[in-house]
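So this one's data22.pdb, PDB, C-alpha atoms, pLDDT in the B column:
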ATOM      1  CA  MET A   6     104.456  24.435 144.243  1.00 40.00           C
ATOM      2  CA  SER A   7     103.138  22.801 147.387  1.00 42.00           C
ATOM      3  CA  THR A   8     101.882  19.253 147.814  1.00 50.00           C
ATOM      4  CA  GLY A   9      98.295  18.745 146.721  1.00 72.00           C
ATOM      5  CA  ASN A  10      98.181  21.974 144.763  1.00 89.00           C
ATOM      6  CA  LEU A  11      98.757  20.892 141.158  1.00 92.00           C
ATOM      7  CA  HIS A  12      96.352  21.653 138.317  1.00 95.00           C
ATOM      8  CA  ILE A  13      96.663  18.744 135.903  1.00 96.00           C
ATOM      9  CA  VAL A  14      95.226  18.500 132.396  1.00 98.00           C
ATOM     10  CA  ILE A  15      94.625  15.133 130.738  1.00 98.00           C
ATOM     11  CA  VAL A  16      94.009  15.163 126.979  1.00 98.00           C
ATOM     12  CA  ASP A  17      92.847  11.702 125.908  1.00 96.00           C
ATOM     13  CA  ASP A  18      89.731  10.337 124.215  1.00 95.00           C
ATOM     14  CA  ASP A  19      90.002   6.873 125.827  1.00 93.00           C
ATOM     15  CA  ARG A  20      87.719   6.991 128.884  1.00 93.00           C
ATOM     16  CA  LEU A  21      89.247   3.842 130.382  1.00 92.00           C
ATOM     17  CA  GLN A  22      92.754   5.307 130.190  1.00 92.00           C
ATOM     18  CA  VAL A  23      91.527   8.613 131.616  1.00 94.00           C
ATOM     19  CA  THR A  24      89.874   6.818 134.531  1.00 95.00           C
ATOM     20  CA  ALA A  25      93.057   4.836 135.257  1.00 94.00           C
ATOM     21  CA  LEU A  26      95.250   7.944 135.069  1.00 94.00           C
ATOM     22  CA  LYS A  27      92.898   9.961 137.287  1.00 95.00           C
ATOM     23  CA  LYS A  28      92.941   7.144 139.881  1.00 94.00           C
ATOM     24  CA  ILE A  29      96.742   7.156 139.909  1.00 93.00           C
ATOM     25  CA  ILE A  30      96.801  10.960 140.207  1.00 93.00           C
ATOM     26  CA  ASP A  31      94.269  10.859 143.050  1.00 91.00           C
ATOM     27  CA  ASP A  32      96.433   8.303 144.846  1.00 89.00           C
ATOM     28  CA  THR A  33      99.442  10.660 144.719  1.00 85.00           C
ATOM     29  CA  ALA A  34      97.520  13.379 146.614  1.00 86.00           C
ATOM     30  CA  LEU A  35      99.470  15.970 144.587  1.00 84.00           C
ATOM     31  CA  ALA A  36      96.576  17.328 142.512  1.00 90.00           C
ATOM     32  CA  GLU A  37      94.066  19.963 143.504  1.00 90.00           C
ATOM     33  CA  THR A  38      92.346  19.997 140.098  1.00 93.00           C
ATOM     34  CA  VAL A  39      92.259  17.550 137.197  1.00 96.00           C
ATOM     35  CA  SER A  40      90.722  18.792 133.932  1.00 97.00           C
ATOM     36  CA  VAL A  41      89.995  16.258 131.186  1.00 98.00           C
ATOM     37  CA  PHE A  42      89.576  16.929 127.460  1.00 98.00           C
ATOM     38  CA  GLY A  43      88.735  14.395 124.752  1.00 97.00           C
ATOM     39  CA  ASN A  44      90.838  16.055 122.061  1.00 96.00           C
ATOM     40  CA  GLY A  45      93.536  18.638 121.517  1.00 96.00           C
ATOM     41  CA  GLN A  46      91.155  21.326 120.271  1.00 97.00           C
ATOM     42  CA  GLU A  47      89.177  21.300 123.530  1.00 98.00           C
ATOM     43  CA  ALA A  48      92.421  21.528 125.514  1.00 97.00           C
ATOM     44  CA  ALA A  49      93.831  24.329 123.333  1.00 97.00           C
ATOM     45  CA  ASP A  50      90.591  26.296 123.669  1.00 97.00           C
ATOM     46  CA  PHE A  51      90.633  25.807 127.441  1.00 97.00           C
ATOM     47  CA  ILE A  52      94.228  27.026 127.809  1.00 96.00           C
ATOM     48  CA  THR A  53      93.591  29.994 125.520  1.00 94.00           C
ATOM     49  CA  ASN A  54      90.511  31.002 127.530  1.00 94.00           C
ATOM     50  CA  VAL A  55      92.182  30.519 130.917  1.00 93.00           C
ATOM     51  CA  ALA A  56      95.162  32.609 129.835  1.00 92.00           C
ATOM     52  CA  ALA A  57      92.922  35.352 128.410  1.00 91.00           C
ATOM     53  CA  GLU A  58      90.924  35.513 131.642  1.00 92.00           C
ATOM     54  CA  GLY A  59      94.053  35.540 133.802  1.00 89.00           C
ATOM     55  CA  GLU A  60      92.923  32.374 135.561  1.00 92.00           C
ATOM     56  CA  ARG A  61      95.150  29.610 136.835  1.00 91.00           C
ATOM     57  CA  LEU A  62      96.974  27.743 134.094  1.00 94.00           C
ATOM     58  CA  PRO A  63      97.648  24.022 134.346  1.00 95.00           C
ATOM     59  CA  ASP A  64     100.915  22.920 135.918  1.00 94.00           C
ATOM     60  CA  ILE A  65     101.272  19.918 133.608  1.00 96.00           C
ATOM     61  CA  ILE A  66      99.583  18.338 130.594  1.00 97.00           C
ATOM     62  CA  PHE A  67      99.346  14.593 129.955  1.00 97.00           C
ATOM     63  CA  LEU A  68      98.712  14.263 126.203  1.00 96.00           C
ATOM     64  CA  ASP A  69      97.639  11.231 124.160  1.00 93.00           C
ATOM     65  CA  ILE A  70      98.795  11.110 120.528  1.00 91.00           C
ATOM     66  CA  ASN A  71      95.837   9.677 118.614  1.00 89.00           C
ATOM     67  CA  MET A  72      92.599  11.588 119.155  1.00 91.00           C
ATOM     68  CA  PRO A  73      89.764  12.862 116.990  1.00 92.00           C
ATOM     69  CA  VAL A  74      89.432  16.519 115.923  1.00 94.00           C
ATOM     70  CA  MET A  75      92.984  17.535 116.915  1.00 93.00           C
ATOM     71  CA  ASN A  76      95.707  14.974 117.617  1.00 94.00           C
ATOM     72  CA  ALA A  77      98.775  15.536 119.785  1.00 95.00           C
ATOM     73  CA  TRP A  78     100.952  16.872 116.969  1.00 94.00           C
ATOM     74  CA  LYS A  79      98.408  19.519 115.924  1.00 96.00           C
ATOM     75  CA  PHE A  80      97.878  20.418 119.588  1.00 97.00           C
ATOM     76  CA  LEU A  81     101.621  20.809 120.138  1.00 96.00           C
ATOM     77  CA  GLU A  82     101.897  23.040 117.068  1.00 95.00           C
ATOM     78  CA  ALA A  83      99.093  25.259 118.408  1.00 95.00           C
ATOM     79  CA  PHE A  84     100.512  25.141 121.937  1.00 95.00           C
ATOM     80  CA  THR A  85     103.945  26.217 120.692  1.00 93.00           C
ATOM     81  CA  LYS A  86     102.356  29.325 119.187  1.00 92.00           C
ATOM     82  CA  MET A  87     100.310  30.162 122.300  1.00 90.00           C
ATOM     83  CA  LYS A  88     102.995  29.475 124.918  1.00 85.00           C
ATOM     84  CA  ARG A  89     104.630  32.871 124.508  1.00 83.00           C
ATOM     85  CA  HIS A  90     101.377  34.394 125.842  1.00 82.00           C
ATOM     86  CA  LEU A  91     101.320  32.179 128.938  1.00 87.00           C
ATOM     87  CA  TYR A  92     102.600  33.496 132.242  1.00 84.00           C
ATOM     88  CA  HIS A  93     104.441  30.275 133.107  1.00 86.00           C
ATOM     89  CA  PRO A  94     105.733  27.289 131.147  1.00 90.00           C
ATOM     90  CA  ILE A  95     103.550  24.188 131.113  1.00 94.00           C
ATOM     91  CA  PRO A  96     105.423  20.910 130.677  1.00 95.00           C
ATOM     92  CA  VAL A  97     103.779  18.315 128.459  1.00 96.00           C
ATOM     93  CA  TYR A  98     104.152  14.558 128.846  1.00 96.00           C
ATOM     94  CA  VAL A  99     103.059  12.455 125.903  1.00 94.00           C
ATOM     95  CA  VAL A 100     101.134   9.453 127.270  1.00 91.00           C
ATOM     96  CA  THR A 101     100.452   6.870 124.580  1.00 83.00           C
ATOM     97  CA  SER A 102     100.255   3.223 123.698  1.00 81.00           C
ATOM     98  CA  SER A 103     102.488   3.932 120.694  1.00 72.00           C
ATOM     99  CA  THR A 104     105.946   2.457 120.924  1.00 71.00           C
ATOM    100  CA  GLU A 105     106.815   3.747 117.459  1.00 70.00           C
ATOM    101  CA  GLY A 106     110.289   5.208 117.378  1.00 74.00           C
ATOM    102  CA  LEU A 107     108.999   7.839 114.959  1.00 77.00           C
ATOM    103  CA  ASP A 108     106.428   9.074 117.502  1.00 75.00           C
ATOM    104  CA  MET A 109     109.056   9.318 120.216  1.00 77.00           C
ATOM    105  CA  ALA A 110     111.394  11.181 117.872  1.00 77.00           C
ATOM    106  CA  HIS A 111     108.610  13.497 116.707  1.00 77.00           C
ATOM    107  CA  SER A 112     107.735  14.388 120.310  1.00 81.00           C
ATOM    108  CA  ARG A 113     111.325  15.584 120.841  1.00 83.00           C
ATOM    109  CA  HIS A 114     110.813  18.317 118.225  1.00 86.00           C
ATOM    110  CA  PHE A 115     108.661  20.209 120.719  1.00 90.00           C
ATOM    111  CA  ASP A 116     110.573  21.855 123.574  1.00 89.00           C
ATOM    112  CA  THR A 117     107.480  21.766 125.796  1.00 91.00           C
ATOM    113  CA  VAL A 118     107.444  17.949 125.701  1.00 91.00           C
ATOM    114  CA  LYS A 119     109.395  16.881 128.759  1.00 93.00           C
ATOM    115  CA  GLY A 120     108.787  13.149 128.556  1.00 89.00           C
ATOM    116  CA  TYR A 121     107.154  10.198 126.829  1.00 89.00           C
ATOM    117  CA  ILE A 122     105.137   7.740 128.917  1.00 89.00           C
ATOM    118  CA  THR A 123     104.018   4.457 127.371  1.00 86.00           C
ATOM    119  CA  LYS A 124     100.614   3.064 128.356  1.00 85.00           C
ATOM    120  CA  PRO A 125      99.650   1.410 130.494  1.00 87.00           C
ATOM    121  CA  VAL A 126     100.884   4.084 132.871  1.00 89.00           C
ATOM    122  CA  THR A 127     102.332   3.021 136.182  1.00 89.00           C
ATOM    123  CA  LYS A 128     101.723   4.630 139.507  1.00 91.00           C
ATOM    124  CA  GLU A 129     105.476   4.912 140.071  1.00 91.00           C
ATOM    125  CA  ARG A 130     106.079   6.799 136.808  1.00 91.00           C
ATOM    126  CA  ILE A 131     103.237   9.267 137.407  1.00 92.00           C
ATOM    127  CA  GLN A 132     104.367   9.815 141.005  1.00 88.00           C
ATOM    128  CA  GLN A 133     107.883  10.506 139.740  1.00 88.00           C
ATOM    129  CA  VAL A 134     106.645  13.056 137.190  1.00 90.00           C
ATOM    130  CA  LEU A 135     104.257  14.796 139.584  1.00 88.00           C
ATOM    131  CA  ALA A 136     106.803  14.909 142.396  1.00 82.00           C
ATOM    132  CA  GLY A 137     109.183  16.704 140.023  1.00 79.00           C
ATOM    133  CA  ILE A 138     106.480  19.210 139.067  1.00 81.00           C
ATOM    134  CA  SER A 139     105.369  19.818 142.654  1.00 66.00           C
ATOM    135  CA  ALA A 140     108.965  20.515 143.693  1.00 63.00           C
ATOM    136  CA  MET A 141     109.214  23.407 141.215  1.00 62.00           C
TER
END

Encoding of this model in C-alpha cells:
Amino acid sequence: MSTGNLHIVIVDDDRLQVTALKKIIDDTALAETVSVFGNGQEAADFITNVAAEGERLPDIIFLDINMPVMNAWKFLEAFTKMKRHLYHPIPVYVVTSSTEGLDMAHSRHFDTVKGYITKPVTKERIQQVLAGISAM
C-alpha cells in the first residue's frame, strides 16, 4: 500500500466526531478516499455491494459502538459472515467514547477488530494506525 492511497471507512452517527476524524485523516495525507456511514447497516450494505461489483474494498474501518439501526456489535456479526467473500482482510478499529471494560472485552471476540481507540481521537494515534495499514 503506498502513501496517500488508503480507502478508509468511518461508521459513526456523530457528525462532530466524523468531522474531527476526517480532519485528522486528511492531515496524515495517507487517504485517497474516505467513505462515511451513519450506521452499521449502511456500511454493511456498502461493503457487500462493493465486493459484489468487484470494486475496491476499504483498507480499514473506524467503527463507533453506539449507533441507530445497526450498532457496532451487529455490524461485526454481519461483517464476520461476509468477510469470507472479501478478496482481502479489512481491519476494524473500534472508535468510541465508551471506556467500559465490557465493551473492550466484547470487541476482542471479533478477530477483525485490531484495536480500540477511545474518543476523543488523537492525531498521533490515527497516524500510528494508518501508517501501519499503509505499510502493508

Which one is closest to Gly137 (chain A): A:Asp32, A:Glu37, A:Asp64, A:Asp19? Count all atoms listed in the file. A:Asp64

Residue neighbourhood His12 (chain A), 10 Å, only C-alpha atoms, exclusion window fewer than 6 positions, as a list in words: Leu35, Ala36, Glu37, Thr38, Val39, Ser40, Arg61, Leu62, Pro63, Asp64, Ile65 and Ile66 of chain A

Deliver the residues from the most recent selection as a file, using C-alpha atoms, as a PDB file, in the coordinates of the input.
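Contents of part-v5.pdb, freshly written:
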ATOM      1  CA  LEU A  35      99.470  15.970 144.587  1.00 84.00           C
ATOM      2  CA  ALA A  36      96.576  17.328 142.512  1.00 90.00           C
ATOM      3  CA  GLU A  37      94.066  19.963 143.504  1.00 90.00           C
ATOM      4  CA  THR A  38      92.346  19.997 140.098  1.00 93.00           C
ATOM      5  CA  VAL A  39      92.259  17.550 137.197  1.00 96.00           C
ATOM      6  CA  SER A  40      90.722  18.792 133.932  1.00 97.00           C
ATOM      7  CA  ARG A  61      95.150  29.610 136.835  1.00 91.00           C
ATOM      8  CA  LEU A  62      96.974  27.743 134.094  1.00 94.00           C
ATOM      9  CA  PRO A  63      97.648  24.022 134.346  1.00 95.00           C
ATOM     10  CA  ASP A  64     100.915  22.920 135.918  1.00 94.00           C
ATOM     11  CA  ILE A  65     101.272  19.918 133.608  1.00 96.00           C
ATOM     12  CA  ILE A  66      99.583  18.338 130.594  1.00 97.00           C
TER      13      ILE A  66
END

Per residue of region 108-141 of chain A within 10 Å of region 78-97 of chain A, record the nearest atom pair and its distance in Å to one decimal, counting all atoms listed in the file, with rows in chain order and ascending residue number, as a Markdown table.
| residue | atom | partner | partner_atom | distance |
| --- | --- | --- | --- | --- |
| A:Asp108 | CA | A:Trp78 | CA | 9.5 |
| A:His111 | CA | A:Trp78 | CA | 8.4 |
| A:Ser112 | CA | A:Trp78 | CA | 8.0 |
| A:His114 | CA | A:Leu81 | CA | 9.7 |
| A:Phe115 | CA | A:Leu81 | CA | 7.1 |
| A:Asp116 | CA | A:Thr85 | CA | 8.4 |
| A:Thr117 | CA | A:Pro96 | CA | 5.4 |
| A:Val118 | CA | A:Val97 | CA | 4.6 |
| A:Lys119 | CA | A:Val97 | CA | 5.8 |
| A:Gly120 | CA | A:Val97 | CA | 7.2 |
| A:Tyr121 | CA | A:Val97 | CA | 8.9 |
| A:Ile138 | CA | A:Pro96 | CA | 8.6 |

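The environment of Met75 (chain A) within 6 Å, counting only C-alpha atoms and disregarding residues fewer than 3 places along the same chain, consists of Asn44, Gly45, Gln46 and Lys79 of chain A.
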
One decimal place gives the CA of Ile30 (chain A)-CA of Val100 (chain A) separation as 13.7 Å

Selection near Ile15 (chain A), 9 Å with all atoms listed in the file, sequence-local residues under 3 positions removed, as a list in words: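 Those residues are Val23, Leu26, Lys27, Val39, Ser40, Val41, Phe42, Gly43, Ala48, Ile65, Ile66, Phe67, Leu68 and Asp69 of chain A.
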
Write a file of the selected residues as a tab-separated table (two decimals), in the coordinates of the input, keeping C-alpha atoms.
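This is the output file again_21.tsv:
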chain	number	residue	atom	x	y	z
A	23	VAL	CA	91.53	8.61	131.62
A	26	LEU	CA	95.25	7.94	135.07
A	27	LYS	CA	92.90	9.96	137.29
A	39	VAL	CA	92.26	17.55	137.20
A	40	SER	CA	90.72	18.79	133.93
A	41	VAL	CA	90.00	16.26	131.19
A	42	PHE	CA	89.58	16.93	127.46
A	43	GLY	CA	88.74	14.40	124.75
A	48	ALA	CA	92.42	21.53	125.51
A	65	ILE	CA	101.27	19.92	133.61
A	66	ILE	CA	99.58	18.34	130.59
A	67	PHE	CA	99.35	14.59	129.96
A	68	LEU	CA	98.71	14.26	126.20
A	69	ASP	CA	97.64	11.23	124.16

Find the residues near Thr127 (chain A): any atom within 9 Å, counting all atoms listed in the file, skip ones fewer than 4 places away on the same chain, and give them as a PyMOL selection string. chain A and resi 26+29+131-132

Separation of CA of Ala136 (chain A) from CA of Phe51 (chain A) in Å: 24.6 Å

Have a look at A:Thr123, A:Asp17, A:Tyr98, A:Arg113 and name the one nearest to Val74 (chain A); count all atoms listed in the file.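 Closest to Val74 (chain A), using all atoms listed in the file: A:Asp17.
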
Your completed region 76-100 of chain A with N, CA, C and O atoms, as a compact mmCIF listing (two decimals), keeping the file's coordinate frame:
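Result file is part.txt:
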# COMPACT_ATOMS: atom_id res chain seq x y z
N ASN A 76 94.81 15.93 116.96
CA ASN A 76 95.71 14.97 117.62
C ASN A 76 96.82 15.71 118.38
O ASN A 76 96.88 16.94 118.40
N ALA A 77 97.70 14.95 118.96
CA ALA A 77 98.78 15.54 119.78
C ALA A 77 99.68 16.46 118.98
O ALA A 77 100.07 17.52 119.46
N TRP A 78 100.01 16.06 117.76
CA TRP A 78 100.95 16.87 116.97
C TRP A 78 100.36 18.23 116.62
O TRP A 78 101.03 19.25 116.70
N LYS A 79 99.08 18.24 116.23
CA LYS A 79 98.41 19.52 115.92
C LYS A 79 98.27 20.36 117.20
O LYS A 79 98.44 21.58 117.17
N PHE A 80 97.96 19.69 118.32
CA PHE A 80 97.88 20.42 119.59
C PHE A 80 99.22 21.06 119.93
O PHE A 80 99.29 22.23 120.31
N LEU A 81 100.29 20.29 119.80
CA LEU A 81 101.62 20.81 120.14
C LEU A 81 102.03 21.96 119.23
O LEU A 81 102.67 22.91 119.68
N GLU A 82 101.64 21.91 117.97
CA GLU A 82 101.90 23.04 117.07
C GLU A 82 101.16 24.29 117.55
O GLU A 82 101.73 25.38 117.62
N ALA A 83 99.88 24.13 117.90
CA ALA A 83 99.09 25.26 118.41
C ALA A 83 99.63 25.74 119.75
O ALA A 83 99.73 26.95 120.00
N PHE A 84 100.01 24.80 120.62
CA PHE A 84 100.51 25.14 121.94
C PHE A 84 101.83 25.91 121.84
O PHE A 84 102.07 26.85 122.60
N THR A 85 102.67 25.52 120.90
CA THR A 85 103.94 26.22 120.69
C THR A 85 103.70 27.68 120.35
O THR A 85 104.41 28.57 120.84
N LYS A 86 102.68 27.94 119.55
CA LYS A 86 102.36 29.32 119.19
C LYS A 86 101.77 30.10 120.36
O LYS A 86 102.03 31.29 120.52
N MET A 87 100.97 29.45 121.20
CA MET A 87 100.31 30.16 122.30
C MET A 87 101.20 30.30 123.54
O MET A 87 100.96 31.19 124.35
N LYS A 88 102.23 29.49 123.66
CA LYS A 88 103.00 29.48 124.92
C LYS A 88 103.69 30.80 125.24
O LYS A 88 103.90 31.12 126.39
N ARG A 89 103.98 31.58 124.23
CA ARG A 89 104.63 32.87 124.51
C ARG A 89 103.68 33.84 125.21
O ARG A 89 104.11 34.83 125.77
N HIS A 90 102.38 33.55 125.19
CA HIS A 90 101.38 34.39 125.84
C HIS A 90 101.01 33.87 127.23
O HIS A 90 100.17 34.46 127.91
N LEU A 91 101.63 32.78 127.64
CA LEU A 91 101.32 32.18 128.94
C LEU A 91 102.27 32.73 129.99
O LEU A 91 103.42 33.00 129.71
N TYR A 92 101.78 32.89 131.20
CA TYR A 92 102.60 33.50 132.24
C TYR A 92 103.49 32.50 132.98
O TYR A 92 104.26 32.90 133.85
N HIS A 93 103.44 31.24 132.64
CA HIS A 93 104.44 30.28 133.11
C HIS A 93 104.47 29.09 132.15
O HIS A 93 103.49 28.80 131.49
N PRO A 94 105.64 28.44 132.05
CA PRO A 94 105.73 27.29 131.15
C PRO A 94 104.90 26.12 131.67
O PRO A 94 104.76 25.95 132.88
N ILE A 95 104.34 25.36 130.75
CA ILE A 95 103.55 24.19 131.11
C ILE A 95 104.20 22.97 130.46
O ILE A 95 104.17 22.83 129.24
N PRO A 96 104.81 22.11 131.26
CA PRO A 96 105.42 20.91 130.68
C PRO A 96 104.36 19.95 130.17
O PRO A 96 103.28 19.82 130.76
N VAL A 97 104.68 19.29 129.07
CA VAL A 97 103.78 18.32 128.46
C VAL A 97 104.46 16.95 128.49
O VAL A 97 105.64 16.83 128.16
N TYR A 98 103.70 15.95 128.90
CA TYR A 98 104.15 14.56 128.85
C TYR A 98 103.24 13.81 127.90
O TYR A 98 102.02 13.80 128.09
N VAL A 99 103.82 13.25 126.84
CA VAL A 99 103.06 12.46 125.90
C VAL A 99 102.81 11.10 126.56
O VAL A 99 103.74 10.44 127.01
N VAL A 100 101.53 10.72 126.66
CA VAL A 100 101.13 9.45 127.27
C VAL A 100 100.40 8.67 126.19
O VAL A 100 99.32 9.06 125.76
